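Shown next: upload_11.txt, given as compact mmCIF, C-alpha atoms.
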```
# COMPACT_ATOMS: atom_id res chain seq x y z
CA MET A 1295 79.43 100.10 55.96
CA PRO A 1296 76.17 98.72 54.58
CA ALA A 1297 73.58 96.73 56.55
CA ARG A 1298 74.83 98.12 59.82
CA GLY A 1299 73.29 96.40 62.83
CA LEU A 1300 71.70 93.59 60.79
CA TYR A 1301 72.48 89.99 61.75
CA THR A 1302 71.46 88.01 58.67
CA GLU A 1303 73.40 86.04 56.07
CA ALA A 1304 72.25 88.46 53.38
CA ALA A 1305 73.58 91.39 55.41
CA ARG A 1306 76.90 89.59 55.95
CA LEU A 1307 77.35 89.01 52.21
CA GLN A 1308 76.39 92.61 51.49
CA ARG A 1309 79.11 93.84 53.84
CA LEU A 1310 81.60 91.35 52.40
CA ASN A 1311 80.97 92.58 48.85
CA TRP A 1312 81.35 96.15 50.07
CA LEU A 1313 84.69 95.22 51.68
CA ARG A 1314 85.86 93.57 48.47
CA SER A 1315 85.04 96.70 46.53
CA THR A 1316 86.68 98.96 49.10
CA THR A 1317 89.91 96.96 49.46
CA ARG A 1318 90.02 95.63 45.88
CA SER A 1319 90.72 92.18 47.31
CA ALA A 1320 88.95 88.96 46.31
CA LEU A 1321 88.58 87.71 49.92
CA ASP A 1322 87.41 84.37 48.55
CA SER A 1323 88.08 82.57 51.85
CA LEU A 1324 85.40 84.67 53.56
CA GLN A 1325 82.63 83.72 51.14
CA HIS A 1326 81.38 80.77 53.19
CA THR A 1327 81.05 80.28 56.92
CA ARG A 1328 79.41 77.58 59.04
CA LEU A 1329 78.24 80.07 61.66
CA ASP A 1330 74.71 81.46 61.62
CA ALA A 1331 74.86 85.23 61.45
CA ASP A 1332 71.60 85.62 63.38
CA LYS A 1333 73.11 83.78 66.37
CA LEU A 1334 76.06 86.12 66.76
CA THR A 1335 74.32 89.09 68.36
CA GLY A 1336 76.37 90.04 71.38
CA ASN A 1337 79.53 88.50 69.91
CA ILE A 1338 80.51 90.71 66.99
CA GLU A 1339 79.47 93.70 64.90
CA GLY A 1340 79.93 94.20 61.17
CA LEU A 1341 80.28 90.46 60.50
CA VAL A 1342 81.87 89.64 57.13
CA GLY A 1343 83.23 86.12 57.70
CA THR A 1344 85.17 83.81 59.97
CA VAL A 1345 88.79 82.75 60.47
CA GLU A 1346 89.60 79.06 60.85
CA ILE A 1347 92.28 78.06 63.37
CA PRO A 1348 93.72 74.53 63.56
CA VAL A 1349 92.74 72.57 66.68
CA GLY A 1350 94.97 69.82 68.04
CA VAL A 1351 94.43 67.50 70.98
CA ALA A 1352 96.98 67.12 73.77
CA GLY A 1353 97.01 64.37 76.34
CA PRO A 1354 95.85 62.28 77.94
CA LEU A 1355 96.68 63.79 81.31
CA LEU A 1356 95.60 61.93 84.43
CA PHE A 1357 93.84 64.24 86.90
CA ARG A 1358 93.30 63.66 90.59
CA GLY A 1359 91.70 67.01 91.25
CA THR A 1360 88.93 68.52 93.31
CA ASN A 1361 86.67 69.07 90.29
CA VAL A 1362 88.18 66.77 87.66
CA GLN A 1363 89.33 63.16 87.87
CA GLY A 1364 90.54 60.67 85.31
CA GLU A 1365 92.29 61.04 81.97
CA ILE A 1366 91.56 64.23 80.06
CA TYR A 1367 92.37 65.30 76.50
CA ALA A 1368 92.60 69.06 75.98
CA PRO A 1369 91.77 70.82 72.68
CA MET A 1370 94.26 73.50 71.70
CA ALA A 1371 93.62 76.01 68.92
CA THR A 1372 97.00 77.22 67.74
CA THR A 1373 99.28 77.76 64.76
CA GLU A 1374 102.45 77.22 66.80
CA GLY A 1375 104.13 73.98 65.89
CA ALA A 1376 105.50 71.87 68.77
CA LEU A 1377 102.96 73.18 71.31
CA VAL A 1378 100.61 70.18 71.26
CA SER A 1379 103.50 67.70 71.14
CA SER A 1380 105.26 69.34 74.07
CA ALA A 1381 102.10 69.48 76.17
CA THR A 1382 101.47 65.82 75.38
CA ARG A 1383 104.99 64.86 76.43
CA GLY A 1384 104.59 66.70 79.72
CA ALA A 1385 101.20 65.04 80.21
CA LEU A 1386 102.79 61.62 79.63
CA ALA A 1387 105.41 62.28 82.28
CA VAL A 1388 102.88 63.50 84.83
CA THR A 1389 100.49 60.61 84.10
CA MET A 1390 103.27 58.04 84.51
CA ALA A 1391 104.11 59.70 87.82
CA GLY A 1392 100.60 59.11 89.14
CA GLY A 1393 98.77 62.16 87.83
CA VAL A 1394 98.29 65.81 88.68
CA SER A 1395 96.44 67.11 91.72
CA THR A 1396 94.41 70.28 91.08
CA ARG A 1397 92.33 72.63 93.18
CA ALA A 1398 90.36 75.75 92.30
CA ALA A 1399 90.62 77.92 95.41
CA GLN A 1400 88.36 80.90 94.75
CA GLN A 1401 86.59 82.95 92.10
CA ALA A 1402 86.13 86.71 91.91
CA MET A 1403 85.57 89.25 89.15
CA THR A 1404 86.28 92.94 89.71
CA ARG A 1405 85.10 96.22 88.22
CA ALA A 1406 86.47 99.52 89.48
CA PRO A 1407 84.67 102.82 88.68
CA VAL A 1408 86.34 106.10 89.59
CA PHE A 1409 84.70 109.19 91.08
CA ALA A 1410 86.60 112.49 90.74
CA PHE A 1411 85.80 115.20 93.31
CA SER A 1412 86.79 118.85 93.40
CA ARG A 1413 88.88 118.43 96.57
CA LEU A 1414 90.34 115.72 98.77
CA ALA A 1415 87.83 116.43 101.55
CA GLY A 1416 84.86 115.40 99.37
CA ALA A 1417 86.69 112.29 98.22
CA GLY A 1418 87.45 111.31 101.80
CA ARG A 1419 83.84 111.73 102.95
CA PHE A 1420 82.58 109.66 100.02
CA ALA A 1421 85.08 106.85 100.69
CA SER A 1422 84.08 106.70 104.35
CA ALA A 1423 80.33 106.73 103.72
CA ILE A 1424 80.06 104.29 100.81
CA LEU A 1425 80.79 101.19 102.91
CA GLN A 1426 77.67 101.85 104.96
CA HIS A 1427 75.56 101.11 101.87
CA LEU A 1428 76.88 97.68 100.92
CA GLY A 1429 73.44 96.15 101.57
CA ASP A 1430 71.70 98.74 99.38
CA LEU A 1431 74.13 98.10 96.54
CA ARG A 1432 73.66 94.34 96.81
CA THR A 1433 69.91 94.86 96.43
CA ILE A 1434 70.43 96.96 93.28
CA ILE A 1435 72.79 94.36 91.82
CA ARG A 1436 70.37 91.48 92.44
CA GLN A 1437 67.83 93.37 90.34
CA VAL A 1438 70.30 93.50 87.44
CA SER A 1439 71.65 89.93 87.50
CA GLN A 1440 70.62 86.67 89.11
CA HIS A 1441 74.14 85.28 88.75
CA ALA A 1442 76.39 88.07 90.05
CA ALA A 1443 76.80 88.39 93.81
CA LEU A 1444 78.62 91.37 95.30
CA LEU A 1445 81.27 90.22 97.77
CA SER A 1446 82.82 93.52 98.78
CA ILE A 1447 83.65 97.09 97.82
CA GLU A 1448 87.06 98.58 98.49
CA PRO A 1449 87.41 102.38 98.21
CA VAL A 1450 90.89 103.52 97.15
CA VAL A 1451 91.56 107.26 97.54
CA LEU A 1452 94.09 108.72 95.11
CA GLY A 1453 94.26 112.46 95.70
CA ARG A 1454 90.82 113.87 95.02
CA THR A 1455 89.58 110.73 93.27
CA VAL A 1456 88.04 107.57 94.69
CA HIS A 1457 88.36 104.24 92.90
CA LEU A 1458 85.70 101.78 94.08
CA ARG A 1459 86.79 98.18 93.58
CA PHE A 1460 83.61 96.11 93.28
CA ARG A 1461 84.34 92.40 93.81
CA TYR A 1462 81.82 89.77 92.62
CA THR A 1463 81.29 86.07 92.20
CA THR A 1464 79.77 85.24 88.82
CA GLY A 1465 79.02 81.49 88.80
CA ASP A 1466 80.08 79.71 85.61
CA ALA A 1467 80.38 82.94 83.62
CA ALA A 1468 83.61 84.88 83.27
CA GLY A 1469 81.49 87.89 84.17
CA GLN A 1470 83.20 90.91 82.60
CA ASN A 1471 80.06 92.18 80.88
CA MET A 1472 77.81 91.04 83.72
CA THR A 1473 79.79 92.95 86.34
CA THR A 1474 80.03 96.01 84.11
CA ALA A 1475 76.23 96.20 83.91
CA CYS A 1476 75.82 95.56 87.64
CA THR A 1477 78.40 98.17 88.56
CA TRP A 1478 76.89 100.74 86.21
CA HIS A 1479 73.45 100.47 87.80
CA ALA A 1480 74.96 100.50 91.28
CA CYS A 1481 76.83 103.69 90.44
CA GLN A 1482 73.69 105.31 89.06
CA TRP A 1483 72.09 104.69 92.45
CA ILE A 1484 75.13 106.20 94.18
CA LEU A 1485 74.96 109.33 92.02
CA ARG A 1486 71.35 109.88 93.06
CA GLN A 1487 72.21 109.95 96.78
CA PRO A 1488 72.83 113.56 97.88
CA HIS A 1489 74.42 112.51 101.17
CA LEU A 1490 77.05 110.56 99.20
CA VAL A 1491 77.59 112.99 96.33
CA ALA A 1492 76.91 116.57 97.40
CA ASP A 1493 76.10 119.28 94.87
CA GLY A 1494 79.21 120.80 93.36
CA GLU A 1495 81.63 118.24 94.82
CA LEU A 1496 81.66 115.59 92.08
CA GLU A 1497 83.37 116.58 88.83
CA SER A 1498 83.20 113.31 86.88
CA PHE A 1499 82.47 109.59 87.01
CA ILE A 1500 83.91 106.79 84.82
CA ILE A 1501 82.69 103.19 84.90
CA GLU A 1502 86.26 101.79 84.92
CA GLY A 1503 89.21 103.63 86.41
CA ASN A 1504 91.75 100.94 85.46
CA THR A 1505 92.38 99.52 88.92
CA SER A 1506 90.40 96.31 88.34
CA GLY A 1507 93.12 94.67 86.23
CA ASP A 1508 90.72 93.97 83.36
CA LYS A 1509 92.73 92.46 80.48
CA LYS A 1510 95.99 93.61 82.06
CA ALA A 1511 98.51 91.69 84.14
CA SER A 1512 98.93 93.35 87.54
CA ALA A 1513 100.61 92.64 90.85
CA GLN A 1514 97.28 93.28 92.57
CA ALA A 1515 95.58 90.53 90.59
CA VAL A 1516 98.45 88.14 91.35
CA ALA A 1517 98.04 88.78 95.08
CA GLU A 1518 94.23 88.89 95.29
CA GLY A 1519 93.10 86.96 92.21
CA ARG A 1520 90.76 88.08 89.44
CA GLY A 1521 88.84 85.25 87.87
CA ILE A 1522 89.48 81.74 89.19
CA ARG A 1523 92.54 81.08 91.34
CA VAL A 1524 93.74 77.53 90.70
CA ALA A 1525 96.78 75.39 91.49
CA ALA A 1526 98.21 72.07 90.31
CA ASP A 1527 101.05 69.87 91.52
CA CYS A 1528 102.70 66.49 91.02
CA LEU A 1529 105.68 64.38 92.09
CA LEU A 1530 107.96 63.09 89.33
CA PRO A 1531 110.21 60.11 90.13
CA ALA A 1532 113.75 60.30 88.76
CA GLY A 1533 113.06 57.42 86.37
CA VAL A 1534 110.18 59.28 84.71
CA VAL A 1535 112.26 62.44 84.42
CA ARG A 1536 115.01 60.52 82.66
CA ARG A 1537 112.83 58.33 80.41
CA VAL A 1538 110.24 60.87 79.26
CA LEU A 1539 111.72 64.33 79.84
CA ARG A 1540 115.22 63.14 78.85
CA THR A 1541 117.05 64.97 81.60
CA THR A 1542 117.86 64.44 85.27
CA PRO A 1543 116.18 65.85 88.37
CA ASP A 1544 119.27 67.89 89.25
CA GLU A 1545 119.58 69.35 85.75
CA LEU A 1546 115.85 70.12 85.62
CA VAL A 1547 115.82 71.96 88.94
CA THR A 1548 119.03 73.84 88.13
CA GLY A 1549 117.58 75.00 84.82
CA TYR A 1550 114.40 76.09 86.59
CA GLN A 1551 116.48 78.16 89.02
CA HIS A 1552 118.15 79.96 86.12
CA ILE A 1553 114.88 80.91 84.40
CA THR A 1554 113.39 82.02 87.72
CA ALA A 1555 116.37 84.29 88.36
CA GLY A 1556 115.95 85.72 84.88
CA ALA A 1557 112.27 86.39 85.49
CA VAL A 1558 113.03 88.23 88.74
CA HIS A 1559 115.74 90.31 87.10
CA SER A 1560 113.49 91.36 84.20
CA GLY A 1561 110.51 92.17 86.43
CA VAL A 1562 108.18 89.47 85.11
CA LEU A 1563 104.93 88.99 87.04
CA GLY A 1564 105.10 85.44 88.24
CA SER A 1565 107.64 83.01 86.84
CA ASN A 1566 106.89 80.36 84.23
CA ALA A 1567 108.18 79.05 80.93
CA ASN A 1568 105.18 79.53 78.63
CA THR A 1569 101.86 79.39 80.46
CA ALA A 1570 100.43 81.84 77.90
CA ASN A 1571 100.59 79.11 75.24
CA ILE A 1572 98.23 76.80 77.10
CA VAL A 1573 95.90 79.60 78.18
CA ALA A 1574 95.69 81.10 74.68
CA ALA A 1575 95.21 77.75 72.94
CA ILE A 1576 92.48 76.44 75.25
CA PHE A 1577 90.83 79.88 75.52
CA THR A 1578 90.59 80.09 71.74
CA ALA A 1579 89.26 76.54 71.41
CA THR A 1580 86.55 77.05 74.05
CA GLY A 1581 85.19 80.51 73.20
CA GLN A 1582 86.83 82.57 75.94
CA ASP A 1583 87.66 86.28 75.70
CA ILE A 1584 91.09 85.96 74.12
CA ALA A 1585 92.14 89.42 75.31
CA CYS A 1586 92.05 88.03 78.85
CA VAL A 1587 95.06 85.84 78.04
CA HIS A 1588 97.22 88.75 79.18
CA GLU A 1589 96.03 88.63 82.78
CA SER A 1590 95.15 84.93 82.84
CA SER A 1591 98.59 83.65 81.82
CA VAL A 1592 100.39 85.06 84.86
CA GLY A 1593 101.60 81.89 86.58
CA GLN A 1594 103.99 80.75 89.28
CA PHE A 1595 105.83 77.58 88.29
CA ILE A 1596 107.83 75.91 91.08
CA LEU A 1597 110.25 72.98 90.96
CA GLU A 1598 111.88 71.45 94.04
CA ARG A 1599 114.30 68.53 94.36
CA THR A 1600 112.97 65.59 96.34
CA GLY A 1601 114.71 62.43 97.53
CA ASP A 1602 113.89 60.50 94.37
CA GLY A 1603 112.86 63.09 91.85
CA VAL A 1604 111.16 66.46 91.53
CA TYR A 1605 108.16 68.19 93.04
CA ALA A 1606 106.40 70.49 90.54
CA SER A 1607 103.56 72.96 90.99
CA MET A 1608 101.78 75.63 88.95
CA THR A 1609 99.59 78.38 90.41
CA LEU A 1610 97.42 80.52 88.16
CA PRO A 1611 96.02 83.34 90.34
CA GLY A 1612 93.49 84.76 87.90
CA LEU A 1613 91.95 82.70 85.09
CA ALA A 1614 89.25 84.96 83.62
CA LEU A 1615 87.14 82.26 82.02
CA GLY A 1616 83.62 80.89 81.86
CA THR A 1617 81.64 78.00 80.44
CA VAL A 1618 78.56 80.10 79.71
CA GLY A 1619 78.37 83.43 77.91
CA GLY A 1620 80.78 84.96 75.44
CA GLY A 1621 81.72 82.59 72.63
CA THR A 1622 81.07 79.40 74.59
CA HIS A 1623 77.72 78.92 72.80
CA LEU A 1624 79.29 78.71 69.32
CA PRO A 1625 78.97 75.17 67.89
CA THR A 1626 82.61 74.06 67.84
CA GLN A 1627 83.54 75.79 71.08
CA HIS A 1628 80.54 74.28 72.87
CA GLU A 1629 81.33 70.80 71.56
CA LEU A 1630 84.92 71.04 72.78
CA LEU A 1631 83.78 72.19 76.22
CA LYS A 1632 81.34 69.28 76.32
CA ALA A 1633 84.09 66.83 75.32
CA MET A 1634 86.01 67.87 78.46
CA GLY A 1635 82.91 67.66 80.63
CA CYS A 1636 82.89 71.43 81.01
CA THR A 1637 79.20 72.22 80.57
CA GLY A 1638 76.58 72.63 83.25
CA ARG A 1639 76.71 73.92 86.81
CA GLY A 1640 80.17 74.05 88.35
CA SER A 1641 81.98 73.49 85.07
CA ALA A 1642 84.01 76.73 85.11
CA VAL A 1643 86.17 75.56 88.01
CA ARG A 1644 86.60 72.22 86.23
CA LEU A 1645 87.90 74.00 83.13
CA ALA A 1646 90.24 76.07 85.30
CA GLU A 1647 91.71 72.93 86.84
CA ILE A 1648 92.20 71.36 83.40
CA ILE A 1649 94.07 74.45 82.19
CA ALA A 1650 96.27 74.47 85.31
CA GLY A 1651 97.13 70.79 84.88
CA PHE A 1652 98.14 71.18 81.24
CA ALA A 1653 100.02 74.41 82.01
CA LEU A 1654 102.09 72.45 84.52
CA ALA A 1655 102.68 69.66 81.99
CA LEU A 1656 103.78 72.10 79.30
CA ASP A 1657 106.19 73.96 81.57
CA LEU A 1658 107.77 70.67 82.65
CA SER A 1659 108.29 69.66 79.03
CA THR A 1660 109.51 73.09 77.93
CA VAL A 1661 112.07 73.54 80.69
CA SER A 1662 113.27 69.97 80.19
CA ALA A 1663 113.72 70.57 76.46
CA ALA A 1664 115.69 73.75 77.11
CA VAL A 1665 117.89 72.07 79.74
CA ALA A 1666 118.54 68.99 77.58
CA GLY A 1667 119.26 71.05 74.45
CA HIS A 1668 116.20 69.83 72.52
CA PHE A 1669 114.17 73.04 72.45
CA ALA A 1670 115.50 74.44 69.18
CA ASP A 1671 115.53 71.02 67.53
CA ALA A 1672 111.86 70.44 68.35
CA HIS A 1673 110.90 73.77 66.80
CA GLU A 1674 113.09 73.05 63.80
CA ARG A 1675 111.15 69.83 63.19
CA LEU A 1676 107.67 70.97 64.18
CA GLY A 1677 107.55 74.74 64.08
CA ARG A 1678 108.72 75.50 60.55
CA ASN A 1679 106.48 75.64 57.51
CA ARG A 1680 107.96 72.93 55.36
CA PRO A 1681 106.49 69.64 54.10
CA PRO A 1682 107.32 66.53 56.15
CA ARG A 1683 109.80 64.05 54.74
CA GLN A 1684 108.47 60.58 53.92
CA ASP A 1685 110.04 57.21 53.27
CA SER A 1686 109.18 54.97 50.33
CA THR A 1687 106.11 53.59 52.15
CA GLY A 1688 104.69 57.05 52.71
CA HIS A 1689 105.43 57.14 56.45
CA ARG A 1690 106.71 60.38 57.95
CA LEU A 1691 110.38 60.39 58.96
CA ASP A 1692 110.24 63.41 61.28
CA ILE A 1693 107.43 62.51 63.67
CA PRO A 1694 108.49 63.88 67.06
CA SER A 1695 109.09 61.63 70.01
CA PRO A 1696 110.04 62.39 73.56
CA LEU A 1697 112.49 59.49 73.35
CA THR A 1698 115.79 59.11 71.56
CA ALA A 1699 115.97 56.71 68.62
CA GLY A 1700 115.71 53.08 69.61
CA GLU A 1701 114.41 53.68 73.12
CA PRO A 1702 111.25 51.78 74.08
CA ARG A 1703 108.20 53.95 74.63
CA PRO A 1704 107.16 53.88 78.31
CA VAL A 1705 103.70 52.61 79.12
CA PRO A 1706 101.73 54.94 81.43
CA ALA A 1707 101.12 53.38 84.84
CA LEU A 1708 98.78 54.47 87.59
CA HIS A 1709 101.26 53.55 90.36
CA PRO A 1710 104.75 54.25 89.02
CA ALA A 1711 106.33 54.83 92.43
CA SER A 1712 108.54 51.81 91.75
CA GLU A 1713 110.16 53.65 88.82
CA THR A 1714 113.74 54.11 89.97
CA GLY A 1715 115.77 53.62 86.83
CA PRO A 1716 115.90 55.07 83.33
```
So, in terms of structure tokens, how does the structure I just supplied come out?
Amino acid sequence: MPARGLYTEAARLQRLNWLRSTTRSALDSLQHTRLDADKLTGNIEGLVGTVEIPVGVAGPLLFRGTNVQGEIYAPMATTEGALVSSATRGALAVTMAGGVSTRAAQQAMTRAPVFAFSRLAGAGRFASAILQHLGDLRTIIRQVSQHAALLSIEPVVLGRTVHLRFRYTTGDAAGQNMTTACTWHACQWILRQPHLVADGELESFIIEGNTSGDKKASAQAVAEGRGIRVAADCLLPAGVVRRVLRTTPDELVTGYQHITAGAVHSGVLGSNANTANIVAAIFTATGQDIACVHESSVGQFILERTGDGVYASMTLPGLALGTVGGGTHLPTQHELLKAMGCTGRGSAVRLAEIIAGFALALDLSTVSAAVAGHFADAHERLGRNRPPRQDSTGHRLDIPSPLTAGEPRPVPALHPASETGP
């Protein structure tokens, strides 16, 4: 590939022309891009162009959270029809019910190097001794990063190997690259200590032994959290369930019980309808590491019958996200973060709460649609690539609505506790 390692527009076009010649494809859509090649160091190699993804806006959703209050609109980058409409319907129901409460409980990022010894005895001695040097390792890490703080190290002995689970806080950054660098330098210090690693005992060392859960859903991450652990809940009166979600509290909870049983039977981590849709769409719109959708979309959705409606909650144990670093500096992604108030100190937990609130709204809408028999119809109207039908005035005839034909559209209220009828 030509112009390797060069971050200029001329180098990009040189690589693009080379790709055209190699693949014998015109690739006309890659000719122009709004991104500056020289500002993409650390984001991509071998740049030839960009891919444009549609961005829709869902909401508003009324938040009454620890780090976010008021009505919020969420940008969602997706090509899946019906997603934005469904999230908006769920947001309408929750807003009419008084809003969603959210709380980010903790943040931690893990990296887990593995040390392979010749025998179990050496592994055992190393695992016992390493915890005595937590202060030394914190000093090394502070020299590498001003933002990462080492919380703990957990040695896990597997035969003659020791996996060291380094656990950090990383501020408003997701911290994967930050903690990799910190852990690498910490391990180099460890390897230089003869009382920790005796001559002839250590056979190999790898910076990641695959026990951290990086970009993989794991039971360990569900239990302990990796990224930001966040929860959201709301109370939906029966009238809101009937008017907006077009089902009843009993039907909604019964349907939830069926999908939960199915999740348990199939061994799903967590239990939710489609949390991955919200995580992927907002991650893409805000410059997150999209590969982290796999671990970040594990969620526990809960519905319970109350005297006059339904209690709903969503817990996301490990949102691996940040509002600095990665792709968050790119123009569009940064603007969308700013539009949600997710820039500056403390904004990562705010973004986590926004995602949790919309994940709850989407699951409420999705399960309701499935229970009421509207799920397939909504995707027929919104998720198929066909031109919309129009009447003689040019107005669309298939615009989705959470209401049946002729029903009045409910007006969101801040205190809808008096809602008792359809």
Contacts of Arg1309 of chain A within 12 Å, only C-alpha atoms, excl. fewer than 2 positions in-chain, as a PyMOL selection string: chain A and resi 1295-1307+1311-1316+1321+1324-1325+1339-1343
Convert the current residue selection to file output with C-alpha atoms, as a PDB file, in the coordinates of the input.
```pdb
ATOM      1  CA  MET A1295      79.430 100.100  55.960  1.00  0.00           C
ATOM      2  CA  PRO A1296      76.170  98.720  54.580  1.00  0.00           C
ATOM      3  CA  ALA A1297      73.580  96.730  56.550  1.00  0.00           C
ATOM      4  CA  ARG A1298      74.830  98.120  59.820  1.00  0.00           C
ATOM      5  CA  GLY A1299      73.290  96.400  62.830  1.00  0.00           C
ATOM      6  CA  LEU A1300      71.700  93.590  60.790  1.00  0.00           C
ATOM      7  CA  TYR A1301      72.480  89.990  61.750  1.00  0.00           C
ATOM      8  CA  THR A1302      71.460  88.010  58.670  1.00  0.00           C
ATOM      9  CA  GLU A1303      73.400  86.040  56.070  1.00  0.00           C
ATOM     10  CA  ALA A1304      72.250  88.460  53.380  1.00  0.00           C
ATOM     11  CA  ALA A1305      73.580  91.390  55.410  1.00  0.00           C
ATOM     12  CA  ARG A1306      76.900  89.590  55.950  1.00  0.00           C
ATOM     13  CA  LEU A1307      77.350  89.010  52.210  1.00  0.00           C
ATOM     14  CA  ASN A1311      80.970  92.580  48.850  1.00  0.00           C
ATOM     15  CA  TRP A1312      81.350  96.150  50.070  1.00  0.00           C
ATOM     16  CA  LEU A1313      84.690  95.220  51.680  1.00  0.00           C
ATOM     17  CA  ARG A1314      85.860  93.570  48.470  1.00  0.00           C
ATOM     18  CA  SER A1315      85.040  96.700  46.530  1.00  0.00           C
ATOM     19  CA  THR A1316      86.680  98.960  49.100  1.00  0.00           C
ATOM     20  CA  LEU A1321      88.580  87.710  49.920  1.00  0.00           C
ATOM     21  CA  LEU A1324      85.400  84.670  53.560  1.00  0.00           C
ATOM     22  CA  GLN A1325      82.630  83.720  51.140  1.00  0.00           C
ATOM     23  CA  GLU A1339      79.470  93.700  64.900  1.00  0.00           C
ATOM     24  CA  GLY A1340      79.930  94.200  61.170  1.00  0.00           C
ATOM     25  CA  LEU A1341      80.280  90.460  60.500  1.00  0.00           C
ATOM     26  CA  VAL A1342      81.870  89.640  57.130  1.00  0.00           C
ATOM     27  CA  GLY A1343      83.230  86.120  57.700  1.00  0.00           C
TER      28      GLY A1343
END
```
Pick from A:Thr1327, A:Asn1471, A:Ser1412, A:Thr1477 nearest to Gly1453 of chain A, counting only C-alpha atoms: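 The shortest atom-to-atom distance to Gly1453 of chain A comes from A:Ser1412.
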Selection: 9 Å around Ile1447 of chain A, all atoms listed in the file, excl. self and same-chain fewer than 3 positions, as a PyMOL selection string: chain A and resi 1424-1425+1428+1444+1458-1461
Straight-line distance linking atom CA of Ala1515 of chain A with atom CA of Trp1483 of chain A, stated in Å to one decimal: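 Between atom CA of Ala1515 of chain A and atom CA of Trp1483 of chain A the gap is 27.5 Å.
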Two-atom distance - atom CA of Arg1397 of chain A, atom CA of Ser1506 of chain A (Å):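 Rounded to one decimal, the two atoms are 24.2 Å apart.
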Top pick for closest residue to Arg1536 of chain A, considering A:Val1592, A:Ala1417, A:Val1604, A:Val1349 and counting all atoms listed in the file: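 Among A:Val1592, A:Ala1417, A:Val1604, A:Val1349, it is A:Val1604 that comes nearest to Arg1536 of chain A.
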Nearest residue to Ala1511 of chain A from the set A:Ser1591, A:Thr1382, A:Ser1498, A:Thr1317 (distances using all atoms listed in the file):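 Closest to Ala1511 of chain A of all the choices is A:Ser1591.
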Shell around Ala1352 of chain A at 9 Å using all atoms listed in the file, local window under 3 positions removed, as a PyMOL selection string: chain A and resi 1355+1366-1370+1377-1383+1385+1652
Residue nearest Ala1646 of chain A among A:Asp1430, A:Asp1330, A:Asp1671, A:Asp1466 (counting all atoms listed in the file): A:Asp1466
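Residues in contact range of Gln1514 of chain A, defined as at most 12 Å between all atoms listed in the file, with sequence neighbours fewer than 3 positions away removed, read A:Thr1404, A:Arg1459, A:Asn1504, A:Thr1505, A:Ser1506, A:Gly1507, A:Asp1508, A:Lys1510, A:Ala1511, A:Ala1517, A:Glu1518, A:Gly1519, A:Arg1520, A:Leu1563, A:Gly1564, A:Glu1589, A:Val1592, A:Pro1611, A:Gly1612.
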Save out the residues we just selected, C-alpha atoms, as a tab-separated table (two decimals), in the frame of the given file.
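Generated output (out-v7.tsv):
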```tsv
chain	number	residue	atom	x	y	z
A	1404	THR	CA	86.28	92.94	89.71
A	1459	ARG	CA	86.79	98.18	93.58
A	1504	ASN	CA	91.75	100.94	85.46
A	1505	THR	CA	92.38	99.52	88.92
A	1506	SER	CA	90.40	96.31	88.34
A	1507	GLY	CA	93.12	94.67	86.23
A	1508	ASP	CA	90.72	93.97	83.36
A	1510	LYS	CA	95.99	93.61	82.06
A	1511	ALA	CA	98.51	91.69	84.14
A	1517	ALA	CA	98.04	88.78	95.08
A	1518	GLU	CA	94.23	88.89	95.29
A	1519	GLY	CA	93.10	86.96	92.21
A	1520	ARG	CA	90.76	88.08	89.44
A	1563	LEU	CA	104.93	88.99	87.04
A	1564	GLY	CA	105.10	85.44	88.24
A	1589	GLU	CA	96.03	88.63	82.78
A	1592	VAL	CA	100.39	85.06	84.86
A	1611	PRO	CA	96.02	83.34	90.34
A	1612	GLY	CA	93.49	84.76	87.90
```
Straight-line distance linking atom CA of Gly1620 of chain A with atom CA of Arg1644 of chain A, stated in Å to one decimal: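 Computed distance, atom CA of Gly1620 of chain A to atom CA of Arg1644 of chain A, equals 17.7 Å.
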Exercise: segment 1659-1661 of chain A partners within 8 Å, all atoms listed in the file, chain neighbours under 5 positions left out, as a list of chain:residue names: A:Ser1380, A:Ala1381, A:Arg1383, A:Gly1384, A:Leu1539, A:Leu1546, A:Gly1549, A:Tyr1550, A:Ala1567, A:Asn1568, A:Phe1669
Which of A:Ile1584, A:Val1438, A:Leu1645, A:Cys1481 sits closest to Val1408 of chain A [using only C-alpha atoms]: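 That would be A:Cys1481, the residue with the smallest distance to Val1408 of chain A.
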Selected residue of minimal separation from Ala1633 of chain A among A:Ser1607, A:Thr1580, A:Thr1344, A:Gln1437, counting only C-alpha atoms: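 Residue with the minimum atom-to-atom distance to Ala1633 of chain A: A:Thr1580.
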